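Containing mmCIF, N, CA and C atoms: coords13.cif.
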data_work
loop_
_atom_site.label_atom_id
_atom_site.label_comp_id
_atom_site.auth_asym_id
_atom_site.auth_seq_id
_atom_site.Cartn_x
_atom_site.Cartn_y
_atom_site.Cartn_z
N MET A 1 4.02 54.31 -29.65
CA MET A 1 5.40 54.74 -29.82
C MET A 1 5.75 55.70 -28.69
N GLU A 2 6.68 55.32 -27.87
CA GLU A 2 7.08 56.19 -26.78
C GLU A 2 8.20 57.12 -27.24
N ARG A 3 8.35 58.16 -26.54
CA ARG A 3 9.31 59.20 -26.89
C ARG A 3 10.60 59.00 -26.11
N ILE A 4 11.73 59.12 -26.79
CA ILE A 4 13.02 59.06 -26.11
C ILE A 4 13.24 60.40 -25.43
N ASP A 5 13.67 60.38 -24.18
CA ASP A 5 13.85 61.61 -23.43
C ASP A 5 15.10 62.34 -23.89
N THR A 6 14.90 63.51 -24.45
CA THR A 6 16.01 64.35 -24.92
C THR A 6 16.03 65.66 -24.16
N LYS A 7 15.43 65.69 -22.98
CA LYS A 7 15.33 66.93 -22.21
C LYS A 7 16.69 67.49 -21.81
N ILE A 8 17.62 66.62 -21.45
CA ILE A 8 18.95 67.10 -21.03
C ILE A 8 19.65 67.79 -22.19
N ILE A 9 19.56 67.20 -23.38
CA ILE A 9 20.17 67.81 -24.56
C ILE A 9 19.52 69.17 -24.83
N GLN A 10 18.20 69.23 -24.72
CA GLN A 10 17.49 70.48 -24.96
C GLN A 10 17.86 71.54 -23.92
N ILE A 11 18.04 71.13 -22.68
CA ILE A 11 18.43 72.08 -21.63
C ILE A 11 19.83 72.61 -21.89
N VAL A 12 20.75 71.74 -22.28
CA VAL A 12 22.13 72.17 -22.57
C VAL A 12 22.13 73.18 -23.72
N ILE A 13 21.34 72.90 -24.75
CA ILE A 13 21.27 73.83 -25.88
C ILE A 13 20.65 75.16 -25.43
N GLY A 14 19.59 75.10 -24.64
CA GLY A 14 18.94 76.32 -24.15
C GLY A 14 19.85 77.16 -23.29
N VAL A 15 20.59 76.52 -22.39
CA VAL A 15 21.53 77.25 -21.53
C VAL A 15 22.62 77.90 -22.38
N THR A 16 23.09 77.18 -23.39
CA THR A 16 24.12 77.74 -24.26
C THR A 16 23.59 78.95 -25.04
N VAL A 17 22.35 78.86 -25.51
CA VAL A 17 21.76 79.99 -26.24
C VAL A 17 21.67 81.22 -25.34
N VAL A 18 21.15 81.04 -24.13
CA VAL A 18 21.01 82.17 -23.20
C VAL A 18 22.38 82.74 -22.83
N ALA A 19 23.34 81.86 -22.59
CA ALA A 19 24.69 82.32 -22.23
C ALA A 19 25.33 83.08 -23.39
N CYS A 20 25.15 82.60 -24.60
CA CYS A 20 25.74 83.29 -25.75
C CYS A 20 25.10 84.66 -25.95
N LEU A 21 23.80 84.75 -25.74
CA LEU A 21 23.16 86.06 -25.85
C LEU A 21 23.67 87.01 -24.78
N PHE A 22 23.87 86.51 -23.57
CA PHE A 22 24.39 87.35 -22.49
C PHE A 22 25.84 87.74 -22.75
N LEU A 23 26.66 86.78 -23.15
CA LEU A 23 28.08 87.04 -23.33
C LEU A 23 28.38 87.90 -24.56
N ALA A 24 27.49 87.90 -25.53
CA ALA A 24 27.72 88.75 -26.71
C ALA A 24 27.61 90.22 -26.35
N ASN A 25 26.93 90.49 -25.24
CA ASN A 25 26.84 91.85 -24.71
C ASN A 25 26.18 92.82 -25.70
N VAL A 26 25.17 92.32 -26.41
CA VAL A 26 24.40 93.16 -27.33
C VAL A 26 22.92 92.87 -27.11
N VAL A 27 22.09 93.77 -27.58
CA VAL A 27 20.65 93.55 -27.54
C VAL A 27 20.32 92.50 -28.61
N PRO A 28 19.59 91.45 -28.27
CA PRO A 28 19.26 90.43 -29.28
C PRO A 28 18.55 91.06 -30.48
N ASN A 29 19.01 90.67 -31.67
CA ASN A 29 18.45 91.20 -32.91
C ASN A 29 18.45 90.10 -33.97
N ILE A 30 18.20 90.46 -35.20
CA ILE A 30 18.14 89.46 -36.27
C ILE A 30 19.49 88.80 -36.50
N PHE A 31 20.57 89.52 -36.26
CA PHE A 31 21.90 88.94 -36.42
C PHE A 31 22.16 87.88 -35.35
N SER A 32 21.52 88.03 -34.20
CA SER A 32 21.65 87.02 -33.14
C SER A 32 21.12 85.67 -33.62
N LEU A 33 20.07 85.71 -34.43
CA LEU A 33 19.53 84.47 -34.99
C LEU A 33 20.55 83.80 -35.91
N TRP A 34 21.29 84.60 -36.65
CA TRP A 34 22.32 84.04 -37.52
C TRP A 34 23.41 83.37 -36.70
N VAL A 35 23.85 84.04 -35.66
CA VAL A 35 24.92 83.49 -34.83
C VAL A 35 24.46 82.21 -34.13
N LEU A 36 23.21 82.17 -33.71
CA LEU A 36 22.68 81.02 -32.98
C LEU A 36 22.05 79.97 -33.88
N LEU A 37 22.10 80.15 -35.19
CA LEU A 37 21.46 79.24 -36.13
C LEU A 37 21.89 77.78 -35.97
N PRO A 38 23.16 77.46 -35.77
CA PRO A 38 23.51 76.05 -35.57
C PRO A 38 22.79 75.43 -34.37
N LEU A 39 22.67 76.17 -33.29
CA LEU A 39 22.00 75.64 -32.11
C LEU A 39 20.49 75.53 -32.33
N ILE A 40 19.92 76.46 -33.08
CA ILE A 40 18.49 76.41 -33.37
C ILE A 40 18.17 75.20 -34.24
N VAL A 41 18.99 74.97 -35.26
CA VAL A 41 18.78 73.84 -36.17
C VAL A 41 18.91 72.51 -35.43
N ILE A 42 19.94 72.38 -34.61
CA ILE A 42 20.16 71.11 -33.92
C ILE A 42 19.13 70.91 -32.81
N TYR A 43 18.58 71.99 -32.26
CA TYR A 43 17.50 71.87 -31.28
C TYR A 43 16.27 71.26 -31.95
N ALA A 44 15.95 71.75 -33.13
CA ALA A 44 14.81 71.18 -33.88
C ALA A 44 15.08 69.72 -34.23
N GLN A 45 16.30 69.40 -34.62
CA GLN A 45 16.66 68.02 -34.93
C GLN A 45 16.54 67.13 -33.69
N THR A 46 16.87 67.66 -32.53
CA THR A 46 16.76 66.91 -31.28
C THR A 46 15.30 66.57 -30.98
N ILE A 47 14.42 67.52 -31.18
CA ILE A 47 13.00 67.28 -30.93
C ILE A 47 12.47 66.21 -31.89
N VAL A 48 12.82 66.31 -33.16
CA VAL A 48 12.35 65.33 -34.14
C VAL A 48 12.90 63.94 -33.83
N ALA A 49 14.18 63.86 -33.52
CA ALA A 49 14.80 62.56 -33.22
C ALA A 49 14.21 61.95 -31.96
N GLY A 50 13.90 62.78 -30.97
CA GLY A 50 13.30 62.27 -29.74
C GLY A 50 11.91 61.74 -29.94
N LYS A 51 11.13 62.40 -30.77
CA LYS A 51 9.76 61.95 -31.03
C LYS A 51 9.72 60.69 -31.88
N LYS A 52 10.69 60.55 -32.77
CA LYS A 52 10.71 59.39 -33.66
C LYS A 52 11.46 58.19 -33.07
N ARG A 53 12.02 58.38 -31.86
CA ARG A 53 12.75 57.31 -31.17
C ARG A 53 13.96 56.84 -31.99
N LYS A 54 14.65 57.73 -32.60
CA LYS A 54 15.82 57.40 -33.41
C LYS A 54 17.09 57.57 -32.59
N LYS A 55 17.54 56.48 -31.99
CA LYS A 55 18.76 56.56 -31.16
C LYS A 55 19.98 56.94 -31.98
N ARG A 56 20.01 56.50 -33.21
CA ARG A 56 21.15 56.83 -34.06
C ARG A 56 21.19 58.33 -34.35
N GLN A 57 20.04 58.95 -34.55
CA GLN A 57 20.01 60.39 -34.79
C GLN A 57 20.33 61.18 -33.53
N ILE A 58 19.95 60.65 -32.39
CA ILE A 58 20.30 61.33 -31.14
C ILE A 58 21.81 61.27 -30.92
N ALA A 59 22.42 60.14 -31.26
CA ALA A 59 23.89 60.05 -31.19
C ALA A 59 24.53 61.04 -32.16
N ALA A 60 23.91 61.23 -33.31
CA ALA A 60 24.43 62.20 -34.27
C ALA A 60 24.29 63.62 -33.74
N VAL A 61 23.18 63.91 -33.06
CA VAL A 61 22.98 65.23 -32.46
C VAL A 61 24.06 65.50 -31.41
N VAL A 62 24.32 64.51 -30.59
CA VAL A 62 25.37 64.66 -29.57
C VAL A 62 26.73 64.86 -30.25
N GLY A 63 26.97 64.13 -31.33
CA GLY A 63 28.21 64.31 -32.09
C GLY A 63 28.33 65.72 -32.66
N PHE A 64 27.20 66.29 -33.07
CA PHE A 64 27.19 67.67 -33.56
C PHE A 64 27.52 68.65 -32.44
N LEU A 65 26.95 68.40 -31.27
CA LEU A 65 27.11 69.35 -30.16
C LEU A 65 28.49 69.31 -29.52
N ILE A 66 29.18 68.19 -29.61
CA ILE A 66 30.49 68.07 -28.94
C ILE A 66 31.48 69.13 -29.43
N PRO A 67 31.63 69.39 -30.72
CA PRO A 67 32.54 70.49 -31.09
C PRO A 67 31.88 71.87 -31.09
N VAL A 68 30.57 71.93 -31.31
CA VAL A 68 29.90 73.22 -31.50
C VAL A 68 29.76 73.99 -30.19
N ILE A 69 29.31 73.33 -29.14
CA ILE A 69 29.09 74.05 -27.88
C ILE A 69 30.39 74.63 -27.31
N PRO A 70 31.48 73.86 -27.25
CA PRO A 70 32.73 74.50 -26.77
C PRO A 70 33.20 75.65 -27.65
N LEU A 71 33.02 75.53 -28.96
CA LEU A 71 33.42 76.62 -29.85
C LEU A 71 32.59 77.87 -29.60
N MET A 72 31.28 77.69 -29.45
CA MET A 72 30.41 78.84 -29.17
C MET A 72 30.79 79.50 -27.84
N TRP A 73 30.97 78.68 -26.81
CA TRP A 73 31.35 79.21 -25.50
C TRP A 73 32.70 79.92 -25.58
N PHE A 74 33.67 79.32 -26.26
CA PHE A 74 35.01 79.89 -26.36
C PHE A 74 34.98 81.27 -27.00
N VAL A 75 34.32 81.38 -28.14
CA VAL A 75 34.28 82.66 -28.85
C VAL A 75 33.55 83.72 -28.02
N HIS A 76 32.44 83.34 -27.42
CA HIS A 76 31.68 84.31 -26.65
C HIS A 76 32.40 84.72 -25.35
N MET A 77 33.11 83.80 -24.73
CA MET A 77 33.89 84.14 -23.54
C MET A 77 35.05 85.06 -23.91
N GLN A 78 35.71 84.77 -25.03
CA GLN A 78 36.78 85.64 -25.51
C GLN A 78 36.26 87.06 -25.72
N TRP A 79 35.09 87.15 -26.32
CA TRP A 79 34.50 88.46 -26.62
C TRP A 79 34.11 89.19 -25.34
N TYR A 80 33.42 88.50 -24.43
CA TYR A 80 32.89 89.14 -23.23
C TYR A 80 34.01 89.65 -22.33
N PHE A 81 35.03 88.84 -22.11
CA PHE A 81 36.12 89.23 -21.23
C PHE A 81 37.24 89.96 -21.98
N ASP A 82 37.08 90.17 -23.27
CA ASP A 82 38.05 90.88 -24.11
C ASP A 82 39.45 90.30 -23.95
N ILE A 83 39.54 89.00 -24.01
CA ILE A 83 40.82 88.30 -23.87
C ILE A 83 41.65 88.55 -25.12
N ASN A 84 42.86 89.01 -24.94
CA ASN A 84 43.78 89.36 -26.02
C ASN A 84 43.17 90.36 -27.01
N GLY A 85 42.35 91.25 -26.51
CA GLY A 85 41.75 92.28 -27.34
C GLY A 85 40.73 91.75 -28.34
N ALA A 86 40.04 90.69 -27.98
CA ALA A 86 39.08 90.09 -28.91
C ALA A 86 37.98 91.05 -29.30
N ALA A 87 37.55 91.88 -28.38
CA ALA A 87 36.46 92.82 -28.68
C ALA A 87 36.97 94.19 -29.09
N THR A 88 38.11 94.59 -28.58
CA THR A 88 38.60 95.95 -28.81
C THR A 88 39.89 96.01 -29.61
N GLY A 89 40.42 94.89 -30.02
CA GLY A 89 41.71 94.87 -30.69
C GLY A 89 41.69 95.37 -32.12
N SER A 90 40.52 95.36 -32.75
CA SER A 90 40.43 95.76 -34.15
C SER A 90 39.01 96.25 -34.43
N SER A 91 38.89 97.06 -35.45
CA SER A 91 37.56 97.54 -35.82
C SER A 91 36.74 96.44 -36.49
N THR A 92 37.39 95.40 -36.96
CA THR A 92 36.70 94.31 -37.63
C THR A 92 36.64 93.04 -36.78
N SER A 93 36.91 93.16 -35.50
CA SER A 93 36.95 91.96 -34.66
C SER A 93 35.59 91.30 -34.50
N ALA A 94 34.51 92.05 -34.66
CA ALA A 94 33.17 91.47 -34.54
C ALA A 94 32.81 90.56 -35.70
N LEU A 95 33.63 90.54 -36.74
CA LEU A 95 33.35 89.66 -37.88
C LEU A 95 33.43 88.18 -37.51
N ILE A 96 34.01 87.87 -36.37
CA ILE A 96 34.03 86.48 -35.93
C ILE A 96 32.61 85.95 -35.79
N PHE A 97 31.68 86.83 -35.42
CA PHE A 97 30.29 86.40 -35.27
C PHE A 97 29.61 86.18 -36.62
N ALA A 98 30.14 86.75 -37.67
CA ALA A 98 29.59 86.52 -39.00
C ALA A 98 30.00 85.15 -39.54
N VAL A 99 31.18 84.69 -39.19
CA VAL A 99 31.66 83.41 -39.70
C VAL A 99 31.52 82.27 -38.69
N LEU A 100 31.20 82.58 -37.46
CA LEU A 100 31.06 81.55 -36.43
C LEU A 100 30.06 80.47 -36.80
N PRO A 101 28.87 80.79 -37.32
CA PRO A 101 27.94 79.72 -37.70
C PRO A 101 28.50 78.80 -38.80
N VAL A 102 29.27 79.37 -39.70
CA VAL A 102 29.86 78.54 -40.76
C VAL A 102 30.84 77.55 -40.16
N TYR A 103 31.70 78.01 -39.26
CA TYR A 103 32.63 77.11 -38.58
C TYR A 103 31.88 76.06 -37.78
N CYS A 104 30.82 76.48 -37.12
CA CYS A 104 30.04 75.54 -36.31
C CYS A 104 29.39 74.48 -37.18
N PHE A 105 28.85 74.88 -38.32
CA PHE A 105 28.22 73.89 -39.19
C PHE A 105 29.24 72.93 -39.79
N ILE A 106 30.43 73.41 -40.12
CA ILE A 106 31.46 72.52 -40.66
C ILE A 106 31.91 71.52 -39.60
N LEU A 107 32.29 72.01 -38.43
CA LEU A 107 32.71 71.11 -37.36
C LEU A 107 31.56 70.23 -36.89
N GLY A 108 30.37 70.79 -36.82
CA GLY A 108 29.20 70.04 -36.39
C GLY A 108 28.85 68.93 -37.38
N ALA A 109 29.01 69.18 -38.67
CA ALA A 109 28.72 68.16 -39.67
C ALA A 109 29.67 66.98 -39.53
N ILE A 110 30.92 67.26 -39.24
CA ILE A 110 31.88 66.18 -39.02
C ILE A 110 31.49 65.38 -37.77
N GLY A 111 31.17 66.08 -36.70
CA GLY A 111 30.73 65.41 -35.47
C GLY A 111 29.43 64.66 -35.66
N TYR A 112 28.52 65.22 -36.46
CA TYR A 112 27.24 64.57 -36.74
C TYR A 112 27.47 63.24 -37.46
N ALA A 113 28.35 63.26 -38.46
CA ALA A 113 28.65 62.04 -39.21
C ALA A 113 29.29 60.98 -38.32
N ILE A 114 30.21 61.40 -37.47
CA ILE A 114 30.85 60.45 -36.56
C ILE A 114 29.84 59.90 -35.57
N GLY A 115 28.99 60.77 -35.02
CA GLY A 115 27.96 60.31 -34.10
C GLY A 115 26.96 59.39 -34.75
N TYR A 116 26.60 59.68 -35.99
CA TYR A 116 25.66 58.83 -36.72
C TYR A 116 26.25 57.45 -36.95
N ALA A 117 27.54 57.43 -37.33
CA ALA A 117 28.21 56.13 -37.55
C ALA A 117 28.38 55.37 -36.25
N ALA A 118 28.69 56.08 -35.19
CA ALA A 118 28.90 55.41 -33.89
C ALA A 118 27.59 54.97 -33.26
N GLY A 119 26.49 55.58 -33.67
CA GLY A 119 25.20 55.25 -33.08
C GLY A 119 24.55 54.01 -33.67
N SER A 120 25.20 53.38 -34.62
CA SER A 120 24.62 52.17 -35.19
C SER A 120 24.69 51.02 -34.20
N LYS A 121 23.80 50.07 -34.39
CA LYS A 121 23.72 48.96 -33.43
C LYS A 121 24.87 48.06 -33.58
#
Now, as a test, write the supplied structure out as structure tokens.
Amino acid sequence: MERIDTKIIQIVIGVTVVACLFLANVVPNIFSLWVLLPLIVIYAQTIVAGKKRKKRQIAAVVGFLIPVIPLMWFVHMQWYFDINGAATGSSTSALIFAVLPVYCFILGAIGYAIGYAAGSK
């Protein structure tokens, strides 16, 4: 059984994780794991799908990443550059990072389902 190459997907996820940690402008801590949980989960799914040669699951992973990565980048860029007072506009503005994984999992689940359906032969 040969392995399907998923290195590009893994690199994209890794670059996004590093960029999000940098753009959050905080020291990585346990809360960082919560914020990055969607990317960690889908990274593990990518490794499993690549080893099992499941093209349909890889299409589902890509479907998950299509809405999640832009959302993660968007929120972190807003925060880092303080666009429209994203970081300094309110004392509760950092709560976006508490709900960001929930939004990512909801949008990612929709993309995952579409990718899974589109990945059929």
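Computed from the coordinates, the atom N of Ala117 in chain A to atom C of Thr46 in chain A distance equals 16.5 Å.
Distance check against Lys7 in chain A using only C-alpha atoms: of A:Cys104, A:Val26, A:Ile47, A:Leu65, the minimum falls on A:Ile47.
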Quick one: DSSP alpha helix (DSSP H) residues in range 7-96 of chain A, as an NGL selection string? :A and (7-24 or 30-35 or 37-52 or 55-81 or 96)
Evaluate the PyMOL selection byres ((chain A and resi 62) around 8) and record the selected residues as a PyMOL selection string, following the chain and residue labels used in the document. chain A and resi 9+46+56-61+63-67+111-112+114-116
Please dump the current selection as a compact mmCIF listing (two decimals), keeping the file's coordinate frame; keep N, CA and C atoms.
# COMPACT_ATOMS: atom_id res chain seq x y z
N ILE A 9 19.56 67.20 -23.38
CA ILE A 9 20.17 67.81 -24.56
C ILE A 9 19.52 69.17 -24.83
N THR A 46 16.87 67.66 -32.53
CA THR A 46 16.76 66.91 -31.28
C THR A 46 15.30 66.57 -30.98
N ARG A 56 20.01 56.50 -33.21
CA ARG A 56 21.15 56.83 -34.06
C ARG A 56 21.19 58.33 -34.35
N GLN A 57 20.04 58.95 -34.55
CA GLN A 57 20.01 60.39 -34.79
C GLN A 57 20.33 61.18 -33.53
N ILE A 58 19.95 60.65 -32.39
CA ILE A 58 20.30 61.33 -31.14
C ILE A 58 21.81 61.27 -30.92
N ALA A 59 22.42 60.14 -31.26
CA ALA A 59 23.89 60.05 -31.19
C ALA A 59 24.53 61.04 -32.16
N ALA A 60 23.91 61.23 -33.31
CA ALA A 60 24.43 62.20 -34.27
C ALA A 60 24.29 63.62 -33.74
N VAL A 61 23.18 63.91 -33.06
CA VAL A 61 22.98 65.23 -32.46
C VAL A 61 24.06 65.50 -31.41
N GLY A 63 26.97 64.13 -31.33
CA GLY A 63 28.21 64.31 -32.09
C GLY A 63 28.33 65.72 -32.66
N PHE A 64 27.20 66.29 -33.07
CA PHE A 64 27.19 67.67 -33.56
C PHE A 64 27.52 68.65 -32.44
N LEU A 65 26.95 68.40 -31.27
CA LEU A 65 27.11 69.35 -30.16
C LEU A 65 28.49 69.31 -29.52
N ILE A 66 29.18 68.19 -29.61
CA ILE A 66 30.49 68.07 -28.94
C ILE A 66 31.48 69.13 -29.43
N PRO A 67 31.63 69.39 -30.72
CA PRO A 67 32.54 70.49 -31.09
C PRO A 67 31.88 71.87 -31.09
N GLY A 111 31.17 66.08 -36.70
CA GLY A 111 30.73 65.41 -35.47
C GLY A 111 29.43 64.66 -35.66
N TYR A 112 28.52 65.22 -36.46
CA TYR A 112 27.24 64.57 -36.74
C TYR A 112 27.47 63.24 -37.46
N ILE A 114 30.21 61.40 -37.47
CA ILE A 114 30.85 60.45 -36.56
C ILE A 114 29.84 59.90 -35.57
N GLY A 115 28.99 60.77 -35.02
CA GLY A 115 27.96 60.31 -34.10
C GLY A 115 26.96 59.39 -34.75
N TYR A 116 26.60 59.68 -35.99
CA TYR A 116 25.66 58.83 -36.72
C TYR A 116 26.25 57.45 -36.95
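Distances here use all atoms listed in the file; by that measure, the residue among A:Thr6, A:Ser91, A:Gln78, A:Ser120 closest to Ala49 in chain A is A:Thr6.
If you look at atom N of Pro28 in chain A and CA of Ile83 in chain A, they are 21.9 Å away from each other.
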Taking every listed atom of range 15-26 of chain A and adding 5 Å to each side, what centre and edge lengths in Å (one decimal) does the axis-aligned box have, as JSON?
{"center_x": 24.5, "center_y": 84.8, "center_z": -24.4, "size_x": 17.8, "size_y": 26.6, "size_z": 15.8}
Of the candidates A:Ile8, A:Ala87, A:Tyr80, A:Leu37, which one gets nearest to Phe22 in chain A if we count all atoms listed in the file? A:Tyr80
On this structure, which residues satisfy the PyMOL selection byres ((chain A and resi 15-19) around 8), written as an NGL selection string? :A and (9-14 or 20-25 or 36 or 39-40 or 69 or 72-73 or 76-77)
Print the selection's residues with N, CA and C atoms to a file, as a CSV table (one decimal), in the frame of the given file.
chain,number,residue,atom,x,y,z
A,9,ILE,N,19.6,67.2,-23.4
A,9,ILE,CA,20.2,67.8,-24.6
A,9,ILE,C,19.5,69.2,-24.8
A,10,GLN,N,18.2,69.2,-24.7
A,10,GLN,CA,17.5,70.5,-25.0
A,10,GLN,C,17.9,71.5,-23.9
A,11,ILE,N,18.0,71.1,-22.7
A,11,ILE,CA,18.4,72.1,-21.6
A,11,ILE,C,19.8,72.6,-21.9
A,12,VAL,N,20.8,71.7,-22.3
A,12,VAL,CA,22.1,72.2,-22.6
A,12,VAL,C,22.1,73.2,-23.7
A,13,ILE,N,21.3,72.9,-24.8
A,13,ILE,CA,21.3,73.8,-25.9
A,13,ILE,C,20.6,75.2,-25.4
A,14,GLY,N,19.6,75.1,-24.6
A,14,GLY,CA,18.9,76.3,-24.2
A,14,GLY,C,19.8,77.2,-23.3
A,20,CYS,N,25.2,82.6,-24.6
A,20,CYS,CA,25.7,83.3,-25.8
A,20,CYS,C,25.1,84.7,-26.0
A,21,LEU,N,23.8,84.8,-25.7
A,21,LEU,CA,23.2,86.1,-25.8
A,21,LEU,C,23.7,87.0,-24.8
A,22,PHE,N,23.9,86.5,-23.6
A,22,PHE,CA,24.4,87.4,-22.5
A,22,PHE,C,25.8,87.7,-22.8
A,23,LEU,N,26.7,86.8,-23.2
A,23,LEU,CA,28.1,87.0,-23.3
A,23,LEU,C,28.4,87.9,-24.6
A,24,ALA,N,27.5,87.9,-25.5
A,24,ALA,CA,27.7,88.8,-26.7
A,24,ALA,C,27.6,90.2,-26.4
A,25,ASN,N,26.9,90.5,-25.2
A,25,ASN,CA,26.8,91.8,-24.7
A,25,ASN,C,26.2,92.8,-25.7
A,36,LEU,N,23.2,82.2,-33.7
A,36,LEU,CA,22.7,81.0,-33.0
A,36,LEU,C,22.0,80.0,-33.9
A,39,LEU,N,22.7,76.2,-33.3
A,39,LEU,CA,22.0,75.6,-32.1
A,39,LEU,C,20.5,75.5,-32.3
A,40,ILE,N,19.9,76.5,-33.1
A,40,ILE,CA,18.5,76.4,-33.4
A,40,ILE,C,18.2,75.2,-34.2
A,69,ILE,N,29.3,73.3,-29.1
A,69,ILE,CA,29.1,74.0,-27.9
A,69,ILE,C,30.4,74.6,-27.3
A,72,MET,N,31.3,77.7,-29.4
A,72,MET,CA,30.4,78.8,-29.2
A,72,MET,C,30.8,79.5,-27.8
A,73,TRP,N,31.0,78.7,-26.8
A,73,TRP,CA,31.4,79.2,-25.5
A,73,TRP,C,32.7,79.9,-25.6
A,76,HIS,N,32.4,83.3,-27.4
A,76,HIS,CA,31.7,84.3,-26.6
A,76,HIS,C,32.4,84.7,-25.4
A,77,MET,N,33.1,83.8,-24.7
A,77,MET,CA,33.9,84.1,-23.5
A,77,MET,C,35.0,85.1,-23.9
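Coordinates place atom C of Ile30 in chain A at a distance of 14.0 Å from atom N of Val102 in chain A.
Of the listed residues A:Ala118, A:Leu71, A:Ile110, A:Val35, the one whose atoms come nearest to Ala98 in chain A is A:Val35, with distances taken using all atoms listed in the file.
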